[in-house]
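Undergrad: The file below is model23.tsv, TSV, N, CA and C atoms and all ligand atoms:
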chain	number	residue	atom	x	y	z
K	219	MET	N	-73.46	-135.38	105.81
K	219	MET	CA	-74.16	-134.33	105.10
K	219	MET	C	-73.30	-133.08	105.05
K	220	HIS	N	-73.38	-132.38	103.98
K	220	HIS	CA	-72.63	-131.15	103.81
K	220	HIS	C	-73.57	-129.97	104.01
K	221	SER	N	-73.06	-128.94	104.62
K	221	SER	CA	-73.86	-127.75	104.82
K	221	SER	C	-74.04	-127.02	103.50
K	222	ASN	N	-74.96	-126.02	103.50
K	222	ASN	CA	-75.15	-125.22	102.30
K	222	ASN	C	-73.87	-124.51	101.91
K	223	ARG	N	-73.15	-123.99	102.94
K	223	ARG	CA	-71.89	-123.33	102.64
K	223	ARG	C	-70.93	-124.30	101.96
K	224	GLU	N	-70.86	-125.52	102.48
K	224	GLU	CA	-69.96	-126.51	101.92
K	224	GLU	C	-70.35	-126.82	100.49
K	225	SER	N	-71.65	-126.97	100.28
K	225	SER	CA	-72.11	-127.28	98.94
K	225	SER	C	-71.75	-126.15	97.99
K	226	LYS	N	-71.92	-124.91	98.45
K	226	LYS	CA	-71.59	-123.77	97.61
K	226	LYS	C	-70.12	-123.78	97.25
K	227	LEU	N	-69.29	-124.08	98.23
K	227	LEU	CA	-67.85	-124.08	98.01
K	227	LEU	C	-67.44	-125.15	97.02
K	228	ASN	N	-68.07	-126.29	97.08
K	228	ASN	CA	-67.63	-127.40	96.27
K	228	ASN	C	-68.35	-127.52	94.93
K	229	ASN	N	-69.43	-126.76	94.74
K	229	ASN	CA	-70.18	-126.90	93.50
K	229	ASN	C	-69.34	-126.61	92.27
K	230	SER	N	-68.42	-125.65	92.39
K	230	SER	CA	-67.64	-125.29	91.21
K	230	SER	C	-66.65	-126.38	90.84
K	231	SER	N	-66.49	-127.38	91.68
K	231	SER	CA	-65.46	-128.37	91.42
K	231	SER	C	-66.03	-129.78	91.33
K	232	LEU	N	-67.29	-129.89	90.97
K	232	LEU	CA	-67.91	-131.20	90.95
K	232	LEU	C	-67.83	-131.90	89.61
K	233	SER	N	-67.19	-131.29	88.64
K	233	SER	CA	-67.13	-131.93	87.34
K	233	SER	C	-66.30	-133.20	87.40
K	234	ALA	N	-66.65	-134.15	86.59
K	234	ALA	CA	-65.92	-135.41	86.56
K	234	ALA	C	-64.52	-135.19	86.00
K	235	PRO	N	-63.55	-135.91	86.53
K	235	PRO	CA	-62.19	-135.74	86.00
K	235	PRO	C	-62.11	-136.24	84.56
K	236	SER	N	-61.23	-135.60	83.81
K	236	SER	CA	-61.03	-136.07	82.45
K	236	SER	C	-60.34	-137.43	82.49
K	237	SER	N	-60.40	-138.13	81.37
K	237	SER	CA	-59.92	-139.51	81.36
K	237	SER	C	-58.43	-139.63	81.66
K	238	ASP	N	-57.66	-138.55	81.36
K	238	ASP	CA	-56.23	-138.63	81.61
K	238	ASP	C	-55.84	-137.90	82.89
K	239	ALA	N	-56.83	-137.49	83.64
K	239	ALA	CA	-56.53	-136.74	84.85
K	239	ALA	C	-55.88	-137.64	85.90
K	240	ARG	N	-54.96	-137.06	86.63
K	240	ARG	CA	-54.37	-137.76	87.76
K	240	ARG	C	-55.08	-137.31	89.01
K	241	THR	N	-55.21	-138.21	89.93
K	241	THR	CA	-55.95	-137.86	91.14
K	241	THR	C	-55.18	-138.32	92.38
K	242	ILE	N	-55.50	-137.69	93.49
K	242	ILE	CA	-55.06	-138.13	94.80
K	242	ILE	C	-56.32	-138.38	95.61
K	243	THR	N	-56.37	-139.51	96.27
K	243	THR	CA	-57.55	-139.87	97.04
K	243	THR	C	-57.20	-139.86	98.53
K	244	ILE	N	-58.03	-139.18	99.29
K	244	ILE	CA	-57.84	-139.03	100.73
K	244	ILE	C	-59.04	-139.66	101.43
K	245	SER	N	-58.78	-140.34	102.53
K	245	SER	CA	-59.88	-140.90	103.33
K	245	SER	C	-60.64	-139.76	104.01
K	246	LEU	N	-61.95	-139.76	103.85
K	246	LEU	CA	-62.78	-138.74	104.49
K	246	LEU	C	-62.70	-138.86	106.01
K	247	ASP	N	-62.60	-140.08	106.53
K	247	ASP	CA	-62.46	-140.27	107.98
K	247	ASP	C	-61.16	-139.65	108.48
K	248	GLU	N	-60.06	-139.85	107.73
K	248	GLU	CA	-58.77	-139.28	108.13
K	248	GLU	C	-58.85	-137.76	108.12
K	249	LEU	N	-59.50	-137.20	107.11
K	249	LEU	CA	-59.63	-135.75	107.04
K	249	LEU	C	-60.47	-135.23	108.20
K	250	ARG	N	-61.56	-135.91	108.51
K	250	ARG	CA	-62.40	-135.49	109.65
K	250	ARG	C	-61.60	-135.53	110.95
K	251	GLN	N	-60.74	-136.54	111.07
K	251	GLN	CA	-59.97	-136.71	112.31
K	251	GLN	C	-58.90	-135.64	112.46
K	252	HIS	N	-58.20	-135.31	111.37
K	252	HIS	CA	-57.05	-134.40	111.46
K	252	HIS	C	-57.35	-132.99	110.95
K	253	GLN	N	-58.45	-132.81	110.28
K	253	GLN	CA	-58.85	-131.50	109.72
K	253	GLN	C	-58.00	-131.05	108.54
K	254	ARG	N	-56.80	-131.61	108.39
K	254	ARG	CA	-55.97	-131.31	107.22
K	254	ARG	C	-55.10	-132.53	106.92
K	255	VAL	N	-54.90	-132.78	105.64
K	255	VAL	CA	-54.06	-133.90	105.20
K	255	VAL	C	-53.17	-133.37	104.08
K	256	LEU	N	-51.88	-133.62	104.21
K	256	LEU	CA	-50.92	-133.23	103.19
K	256	LEU	C	-50.51	-134.48	102.43
K	257	ALA	N	-50.64	-134.45	101.12
K	257	ALA	CA	-50.31	-135.62	100.31
K	257	ALA	C	-49.50	-135.16	99.10
K	258	GLU	N	-48.85	-136.13	98.44
K	258	GLU	CA	-48.04	-135.79	97.28
K	258	GLU	C	-48.12	-136.90	96.26
K	259	ARG	N	-48.14	-136.53	95.01
K	259	ARG	CA	-48.07	-137.50	93.93
K	259	ARG	C	-47.37	-136.87	92.74
K	260	ASP	N	-46.39	-137.56	92.21
K	260	ASP	CA	-45.68	-137.11	91.01
K	260	ASP	C	-45.21	-135.67	91.13
K	261	GLY	N	-44.76	-135.30	92.31
K	261	GLY	CA	-44.24	-133.95	92.50
K	261	GLY	C	-45.29	-132.91	92.81
K	262	HIS	N	-46.57	-133.26	92.72
K	262	HIS	CA	-47.64	-132.33	93.08
K	262	HIS	C	-47.99	-132.53	94.55
K	263	ALA	N	-47.76	-131.51	95.34
K	263	ALA	CA	-48.18	-131.56	96.74
K	263	ALA	C	-49.61	-131.03	96.82
K	264	VAL	N	-50.39	-131.65	97.67
K	264	VAL	CA	-51.78	-131.24	97.84
K	264	VAL	C	-52.08	-131.17	99.33
K	265	LEU	N	-52.64	-130.04	99.73
K	265	LEU	CA	-53.15	-129.89	101.09
K	265	LEU	C	-54.66	-129.93	101.01
K	266	VAL	N	-55.25	-130.89	101.71
K	266	VAL	CA	-56.71	-131.00	101.75
K	266	VAL	C	-57.13	-130.59	103.15
K	267	ILE	N	-58.03	-129.64	103.23
K	267	ILE	CA	-58.45	-129.13	104.53
K	267	ILE	C	-59.96	-129.15	104.65
K	268	MET	N	-60.41	-129.31	105.86
K	268	MET	CA	-61.83	-129.27	106.16
K	268	MET	C	-62.09	-127.97	106.90
K	269	THR	N	-62.85	-127.11	106.30
K	269	THR	CA	-63.17	-125.82	106.93
K	269	THR	C	-64.66	-125.76	107.18
K	270	SER	N	-65.07	-124.72	107.86
K	270	SER	CA	-66.51	-124.53	108.08
K	270	SER	C	-67.22	-124.20	106.77
K	271	TYR	N	-66.44	-123.85	105.74
K	271	TYR	CA	-67.01	-123.56	104.43
K	271	TYR	C	-66.99	-124.77	103.50
K	272	GLY	N	-66.35	-125.84	103.93
K	272	GLY	CA	-66.33	-127.03	103.10
K	272	GLY	C	-64.93	-127.59	102.97
K	273	ILE	N	-64.79	-128.59	102.12
K	273	ILE	CA	-63.51	-129.25	101.89
K	273	ILE	C	-62.82	-128.56	100.72
K	274	VAL	N	-61.55	-128.20	100.94
K	274	VAL	CA	-60.78	-127.47	99.94
K	274	VAL	C	-59.47	-128.20	99.72
K	275	ALA	N	-59.04	-128.28	98.47
K	275	ALA	CA	-57.74	-128.84	98.13
K	275	ALA	C	-56.92	-127.76	97.44
K	276	LEU	N	-55.67	-127.63	97.85
K	276	LEU	CA	-54.82	-126.59	97.28
K	276	LEU	C	-53.38	-127.03	97.25
K	277	ASP	N	-52.63	-126.38	96.39
K	277	ASP	CA	-51.19	-126.56	96.40
K	277	ASP	C	-50.65	-125.77	97.61
K	278	PRO	N	-49.91	-126.41	98.50
K	278	PRO	CA	-49.45	-125.71	99.70
K	278	PRO	C	-48.27	-124.78	99.48
K	279	THR	N	-47.91	-124.57	98.22
K	279	THR	CA	-46.78	-123.70	97.92
K	279	THR	C	-47.19	-122.23	98.04
K	280	CYS	N	-46.52	-121.52	98.93
K	280	CYS	CA	-46.79	-120.09	99.08
K	280	CYS	C	-46.12	-119.35	97.94
K	281	PRO	N	-46.85	-118.46	97.26
K	281	PRO	CA	-46.24	-117.74	96.13
K	281	PRO	C	-45.19	-116.71	96.55
K	282	HIS	N	-45.07	-116.45	97.83
K	282	HIS	CA	-44.07	-115.47	98.26
K	282	HIS	C	-42.66	-116.00	98.06
K	283	GLN	N	-42.33	-117.11	98.72
K	283	GLN	CA	-40.97	-117.65	98.59
K	283	GLN	C	-40.97	-119.06	98.01
K	284	HIS	N	-42.12	-119.47	97.49
K	284	HIS	CA	-42.25	-120.74	96.78
K	284	HIS	C	-41.87	-121.94	97.66
K	285	THR	N	-42.17	-121.85	98.93
K	285	THR	CA	-41.99	-122.97	99.84
K	285	THR	C	-43.35	-123.58	100.14
K	286	ARG	N	-43.35	-124.80	100.60
K	286	ARG	CA	-44.62	-125.48	100.87
K	286	ARG	C	-45.13	-125.17	102.27
K	287	SER	N	-45.01	-123.94	102.65
K	287	SER	CA	-45.33	-123.53	104.01
K	287	SER	C	-46.82	-123.49	104.32
K	288	LEU	N	-47.65	-123.47	103.30
K	288	LEU	CA	-49.10	-123.40	103.59
K	288	LEU	C	-49.62	-124.70	104.21
K	289	GLY	N	-48.80	-125.74	104.18
K	289	GLY	CA	-49.18	-126.97	104.89
K	289	GLY	C	-49.34	-126.72	106.38
K	290	GLU	N	-48.65	-125.69	106.86
K	290	GLU	CA	-48.75	-125.28	108.27
K	290	GLU	C	-49.55	-123.99	108.39
K	291	GLY	N	-50.27	-123.64	107.34
K	291	GLY	CA	-51.00	-122.38	107.32
K	291	GLY	C	-52.08	-122.28	108.37
K	292	VAL	N	-52.36	-121.04	108.73
K	292	VAL	CA	-53.40	-120.76	109.72
K	292	VAL	C	-54.72	-120.55	108.97
K	293	ILE	N	-55.68	-121.40	109.26
K	293	ILE	CA	-56.95	-121.34	108.56
K	293	ILE	C	-57.96	-120.61	109.44
K	294	LYS	N	-58.56	-119.59	108.85
K	294	LYS	CA	-59.60	-118.84	109.57
K	294	LYS	C	-60.71	-118.54	108.58
K	295	ASP	N	-61.91	-118.99	108.91
K	295	ASP	CA	-63.05	-118.84	108.02
K	295	ASP	C	-62.69	-119.37	106.63
K	296	ASP	N	-62.75	-118.52	105.61
K	296	ASP	CA	-62.45	-118.98	104.25
K	296	ASP	C	-61.10	-118.47	103.78
K	297	THR	N	-60.14	-118.36	104.72
K	297	THR	CA	-58.81	-117.90	104.34
K	297	THR	C	-57.74	-118.82	104.93
K	298	ILE	N	-56.56	-118.76	104.32
K	298	ILE	CA	-55.39	-119.45	104.88
K	298	ILE	C	-54.24	-118.45	104.85
K	299	ALA	N	-53.52	-118.38	105.99
K	299	ALA	CA	-52.39	-117.45	106.12
K	299	ALA	C	-51.10	-118.25	106.23
K	300	CYS	N	-50.10	-117.83	105.48
K	300	CYS	CA	-48.80	-118.47	105.54
K	300	CYS	C	-48.14	-118.17	106.89
K	301	PRO	N	-47.60	-119.20	107.55
K	301	PRO	CA	-46.99	-118.97	108.86
K	301	PRO	C	-45.66	-118.20	108.78
K	302	ASN	N	-45.08	-118.09	107.59
K	302	ASN	CA	-43.78	-117.44	107.49
K	302	ASN	C	-43.86	-115.91	107.58
K	303	HIS	N	-44.68	-115.29	106.72
K	303	HIS	CA	-44.74	-113.84	106.69
K	303	HIS	C	-46.16	-113.32	106.64
K	304	GLY	N	-47.11	-114.18	106.76
K	304	GLY	CA	-48.50	-113.74	106.91
K	304	GLY	C	-49.28	-113.48	105.64
K	305	TRP	N	-48.70	-113.75	104.47
K	305	TRP	CA	-49.52	-113.59	103.27
K	305	TRP	C	-50.76	-114.46	103.43
K	306	THR	N	-51.89	-113.90	103.04
K	306	THR	CA	-53.17	-114.55	103.30
K	306	THR	C	-53.94	-114.69	101.99
K	307	PHE	N	-54.58	-115.84	101.82
K	307	PHE	CA	-55.25	-116.16	100.56
K	307	PHE	C	-56.67	-116.62	100.81
K	308	SER	N	-57.53	-116.27	99.87
K	308	SER	CA	-58.91	-116.73	99.92
K	308	SER	C	-58.97	-118.20	99.53
K	309	LEU	N	-59.69	-118.99	100.30
K	309	LEU	CA	-59.89	-120.39	99.95
K	309	LEU	C	-61.04	-120.54	98.95
K	310	LEU	N	-61.73	-119.47	98.67
K	310	LEU	CA	-62.81	-119.49	97.68
K	310	LEU	C	-62.29	-119.20	96.28
K	311	THR	N	-61.32	-118.28	96.19
K	311	THR	CA	-60.83	-117.86	94.87
K	311	THR	C	-59.35	-118.15	94.66
K	312	GLY	N	-58.61	-118.33	95.73
K	312	GLY	CA	-57.16	-118.50	95.66
K	312	GLY	C	-56.39	-117.18	95.67
K	313	LYS	N	-57.09	-116.07	95.52
K	313	LYS	CA	-56.41	-114.78	95.40
K	313	LYS	C	-55.86	-114.30	96.74
K	314	ALA	N	-54.78	-113.56	96.65
K	314	ALA	CA	-54.16	-113.00	97.85
K	314	ALA	C	-55.05	-111.91	98.42
K	315	LEU	N	-55.24	-111.96	99.73
K	315	LEU	CA	-55.94	-110.90	100.45
K	315	LEU	C	-54.92	-110.03	101.18
K	316	ARG	N	-53.77	-110.61	101.45
K	316	ARG	CA	-52.61	-109.89	102.00
K	316	ARG	C	-51.40	-110.46	101.27
K	317	GLY	N	-50.56	-109.62	100.72
K	317	GLY	CA	-49.48	-110.08	99.86
K	317	GLY	C	-49.93	-109.97	98.41
K	318	SER	N	-49.41	-110.82	97.56
K	318	SER	CA	-49.80	-110.75	96.15
K	318	SER	C	-49.80	-112.15	95.55
K	319	GLY	N	-50.29	-112.24	94.34
K	319	GLY	CA	-50.34	-113.52	93.66
K	319	GLY	C	-51.56	-114.32	94.08
K	320	CYS	N	-51.47	-115.62	93.88
K	320	CYS	CA	-52.59	-116.48	94.24
K	320	CYS	C	-52.07	-117.89	94.48
K	321	ILE	N	-52.89	-118.66	95.15
K	321	ILE	CA	-52.59	-120.07	95.35
K	321	ILE	C	-53.44	-120.87	94.38
K	322	ARG	N	-53.04	-122.11	94.15
K	322	ARG	CA	-53.78	-122.98	93.24
K	322	ARG	C	-54.77	-123.83	94.02
K	323	LEU	N	-56.03	-123.72	93.64
K	323	LEU	CA	-57.07	-124.57	94.22
K	323	LEU	C	-57.34	-125.69	93.24
K	324	TYR	N	-57.51	-126.90	93.76
K	324	TYR	CA	-57.74	-128.07	92.92
K	324	TYR	C	-59.19	-128.53	93.04
K	325	PRO	N	-59.75	-129.02	91.96
K	325	PRO	CA	-61.12	-129.57	92.02
K	325	PRO	C	-61.17	-130.79	92.92
K	326	VAL	N	-62.24	-130.89	93.68
K	326	VAL	CA	-62.44	-132.06	94.53
K	326	VAL	C	-63.81	-132.67	94.27
K	327	ARG	N	-63.87	-133.97	94.45
K	327	ARG	CA	-65.15	-134.70	94.47
K	327	ARG	C	-65.20	-135.44	95.80
K	328	ILE	N	-66.36	-135.48	96.36
K	328	ILE	CA	-66.51	-136.10	97.68
K	328	ILE	C	-67.51	-137.24	97.56
K	329	THR	N	-67.06	-138.42	98.00
K	329	THR	CA	-67.96	-139.56	98.05
K	329	THR	C	-68.32	-139.82	99.52
K	330	ASP	N	-68.98	-140.89	99.80
K	330	ASP	CA	-69.34	-141.22	101.18
K	330	ASP	C	-68.10	-141.44	102.05
K	331	THR	N	-67.01	-141.90	101.44
K	331	THR	CA	-65.83	-142.27	102.24
K	331	THR	C	-64.54	-141.59	101.79
K	332	MET	N	-64.53	-140.96	100.63
K	332	MET	CA	-63.28	-140.46	100.08
K	332	MET	C	-63.41	-139.02	99.58
K	333	VAL	N	-62.26	-138.36	99.57
K	333	VAL	CA	-62.12	-137.07	98.90
K	333	VAL	C	-61.16	-137.30	97.74
K	334	ILE	N	-61.60	-137.01	96.54
K	334	ILE	CA	-60.79	-137.24	95.35
K	334	ILE	C	-60.38	-135.89	94.79
K	335	VAL	N	-59.07	-135.67	94.72
K	335	VAL	CA	-58.52	-134.40	94.24
K	335	VAL	C	-57.99	-134.62	92.83
K	336	GLU	N	-58.45	-133.78	91.92
K	336	GLU	CA	-57.97	-133.86	90.54
K	336	GLU	C	-56.77	-132.95	90.36
K	337	LEU	N	-55.66	-133.54	89.95
K	337	LEU	CA	-54.43	-132.77	89.78
K	337	LEU	C	-54.35	-132.19	88.38
K	338	PRO	N	-53.74	-131.03	88.26
K	338	PRO	CA	-53.56	-130.45	86.93
K	338	PRO	C	-52.44	-131.17	86.18
K	339	ASN	N	-52.44	-131.04	84.88
K	339	ASN	CA	-51.38	-131.63	84.07
K	339	ASN	C	-50.21	-130.68	83.90
K	340	ASP	N	-50.38	-129.46	84.37
K	340	ASP	CA	-49.31	-128.49	84.22
K	340	ASP	C	-49.01	-127.86	85.57
K	341	GLN	N	-47.92	-127.14	85.61
K	341	GLN	CA	-47.55	-126.37	86.77
K	341	GLN	C	-47.19	-124.97	86.31
K	342	PRO	N	-47.55	-123.97	87.10
K	342	PRO	CA	-47.07	-122.63	86.75
K	342	PRO	C	-45.56	-122.63	86.69
K	343	ARG	N	-45.01	-121.78	85.86
K	343	ARG	CA	-43.55	-121.76	85.67
K	343	ARG	C	-42.81	-121.62	87.00
K	344	TRP	N	-43.32	-120.76	87.88
K	344	TRP	CA	-42.60	-120.56	89.13
K	344	TRP	C	-42.69	-121.75	90.05
K	345	MET	N	-43.62	-122.70	89.75
K	345	MET	CA	-43.72	-123.88	90.59
K	345	MET	C	-42.82	-125.02	90.09
K	346	GLN	N	-42.27	-124.87	88.91
K	346	GLN	CA	-41.45	-125.94	88.37
K	346	GLN	C	-40.08	-125.92	89.02
K	347	TYR	N	-39.61	-127.07	89.40
K	347	TYR	CA	-38.33	-127.14	90.11
K	347	TYR	C	-37.22	-127.58	89.18
O	401	LIG	S1	-43.20	-117.57	102.49
O	401	LIG	FE1	-45.35	-117.38	102.70
O	401	LIG	S2	-45.62	-115.29	103.27
O	401	LIG	FE2	-43.49	-115.49	103.03
I'd like the structure from this file rewritten - as C-alpha cells, please.

TA:
Amino acid sequence: MHSNRESKLNNSSLSAPSSDARTITISLDELRQHQRVLAERDGHAVLVIMTSYGIVALDPTCPHQHTRSLGEGVIKDDTIACPNHGWTFSLLTGKALRGSGCIRLYPVRITDTMVIVELPNDQPRWMQY
C-alpha cells in the first residue's frame, strides 16, 4: 500500500506510456531492499529511489558538472543533494533549491511487483554526449 504522500507524489506520473515510449523496469522488491536502484538503457541513466514521499525516478546527472553523481546523492525528505558540491534539488519539481538549474524527473508506474520508468525520447542539449 502506498501512503497518501506517495500517492500525491506519483499521481502526476500515472499516465500510460505512449506506444513508442521506452521503459526501464525495476523490481519493487529490489527497490524496497536497497532503497535506490541505478539502471541504464540506451544511454539514459535512471536513478529510482524510495522516499518517505513515494517512489521517484530521475536522471542522476547533476546539472552543475554534468556528472552522474546524484546516484550517490543524499536524500532527505523530498530533496536530493549532490555529494560533490551540495547542489540540492526538489524531488517533487526537479528544481534546484541550492545551486541552479533542475534535474529531470521521469514518469513512473507502479504495479504489485514492478516499477516501470518511462524514458523520454529526447535529451537536453547539455545531457548529450
Ligand atoms: S557536481 Fe553536483 S553540485 Fe557540483

Undergrad: Return as CSV the residues of chain K lying at most 7 Å from ligand LIG 401 (chain O), together with the closest atom-to-atom pair for each and the distance in Å to one decimal, counting only C-alpha atoms and all ligand atoms, with rows in chain order and ascending residue number.

TA:
residue,atom,partner,partner_atom,distance
K:Cys280,CA,O:LIG401,FE1,4.7
K:Pro281,CA,O:LIG401,FE1,6.6
K:His282,CA,O:LIG401,S1,4.8
K:Gln283,CA,O:LIG401,S1,4.5
K:His284,CA,O:LIG401,S1,6.6
K:Thr285,CA,O:LIG401,S1,6.1
K:Ser287,CA,O:LIG401,FE1,6.3
K:Cys300,CA,O:LIG401,FE1,4.6
K:Pro301,CA,O:LIG401,FE1,6.6
K:Asn302,CA,O:LIG401,FE2,4.9
K:His303,CA,O:LIG401,S2,3.8
K:Gly304,CA,O:LIG401,S2,4.9
K:Trp305,CA,O:LIG401,S2,4.3

Undergrad: As a VMD selection string, please: every residue in region 274-337 of chain K that a backbone DSSP assignment puts in strand (DSSP E).

TA: chain K and resid 274 to 276 292 to 294 297 to 299 306 to 308 314 to 316 323 to 324 326 to 328 332 to 337

Undergrad: Taking 3 positions as the minimum chain separation for residues in the same chain, which residues sit within 6 Å of Arg254 (chain K) when counting all atoms listed in the file? Answer as a PDB file with N, CA and C atoms, in the coordinates of the input.

TA:
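Listing of out_17.pdb after writing:
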ATOM      1  N   LEU K 249     -59.500-137.200 107.110  1.00  0.00           N
ATOM      2  CA  LEU K 249     -59.630-135.750 107.040  1.00  0.00           C
ATOM      3  C   LEU K 249     -60.470-135.230 108.200  1.00  0.00           C
ATOM      4  N   VAL K 266     -55.250-130.890 101.710  1.00  0.00           N
ATOM      5  CA  VAL K 266     -56.710-131.000 101.750  1.00  0.00           C
ATOM      6  C   VAL K 266     -57.130-130.590 103.150  1.00  0.00           C
ATOM      7  N   ILE K 267     -58.030-129.640 103.230  1.00  0.00           N
ATOM      8  CA  ILE K 267     -58.450-129.130 104.530  1.00  0.00           C
ATOM      9  C   ILE K 267     -59.960-129.150 104.650  1.00  0.00           C
ATOM     10  N   MET K 268     -60.410-129.310 105.860  1.00  0.00           N
ATOM     11  CA  MET K 268     -61.830-129.270 106.160  1.00  0.00           C
ATOM     12  C   MET K 268     -62.090-127.970 106.900  1.00  0.00           C
TER      13      MET K 268
END

Undergrad: Looking at K:Lys294, K:Thr279, K:Thr243, K:Met332, which one is nearest to Gly319 (chain K), with distances taken over only C-alpha atoms?

TA: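 Once distances to Gly319 (chain K) are computed over only C-alpha atoms, the minimum belongs to K:Thr279.
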
Undergrad: Considering only C-alpha atoms, state which residue in the set K:Ile321, K:Gly289, K:Thr331, K:Gly272 is at the smallest distance from Glu248 (chain K).

TA: K:Thr331

Undergrad: Rounded to one decimal place, report the CA of Leu309 (chain K)-CA of Tyr324 (chain K) distance in Å.

TA: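 CA of Tyr324 (chain K) lies 10.6 Å from CA of Leu309 (chain K).
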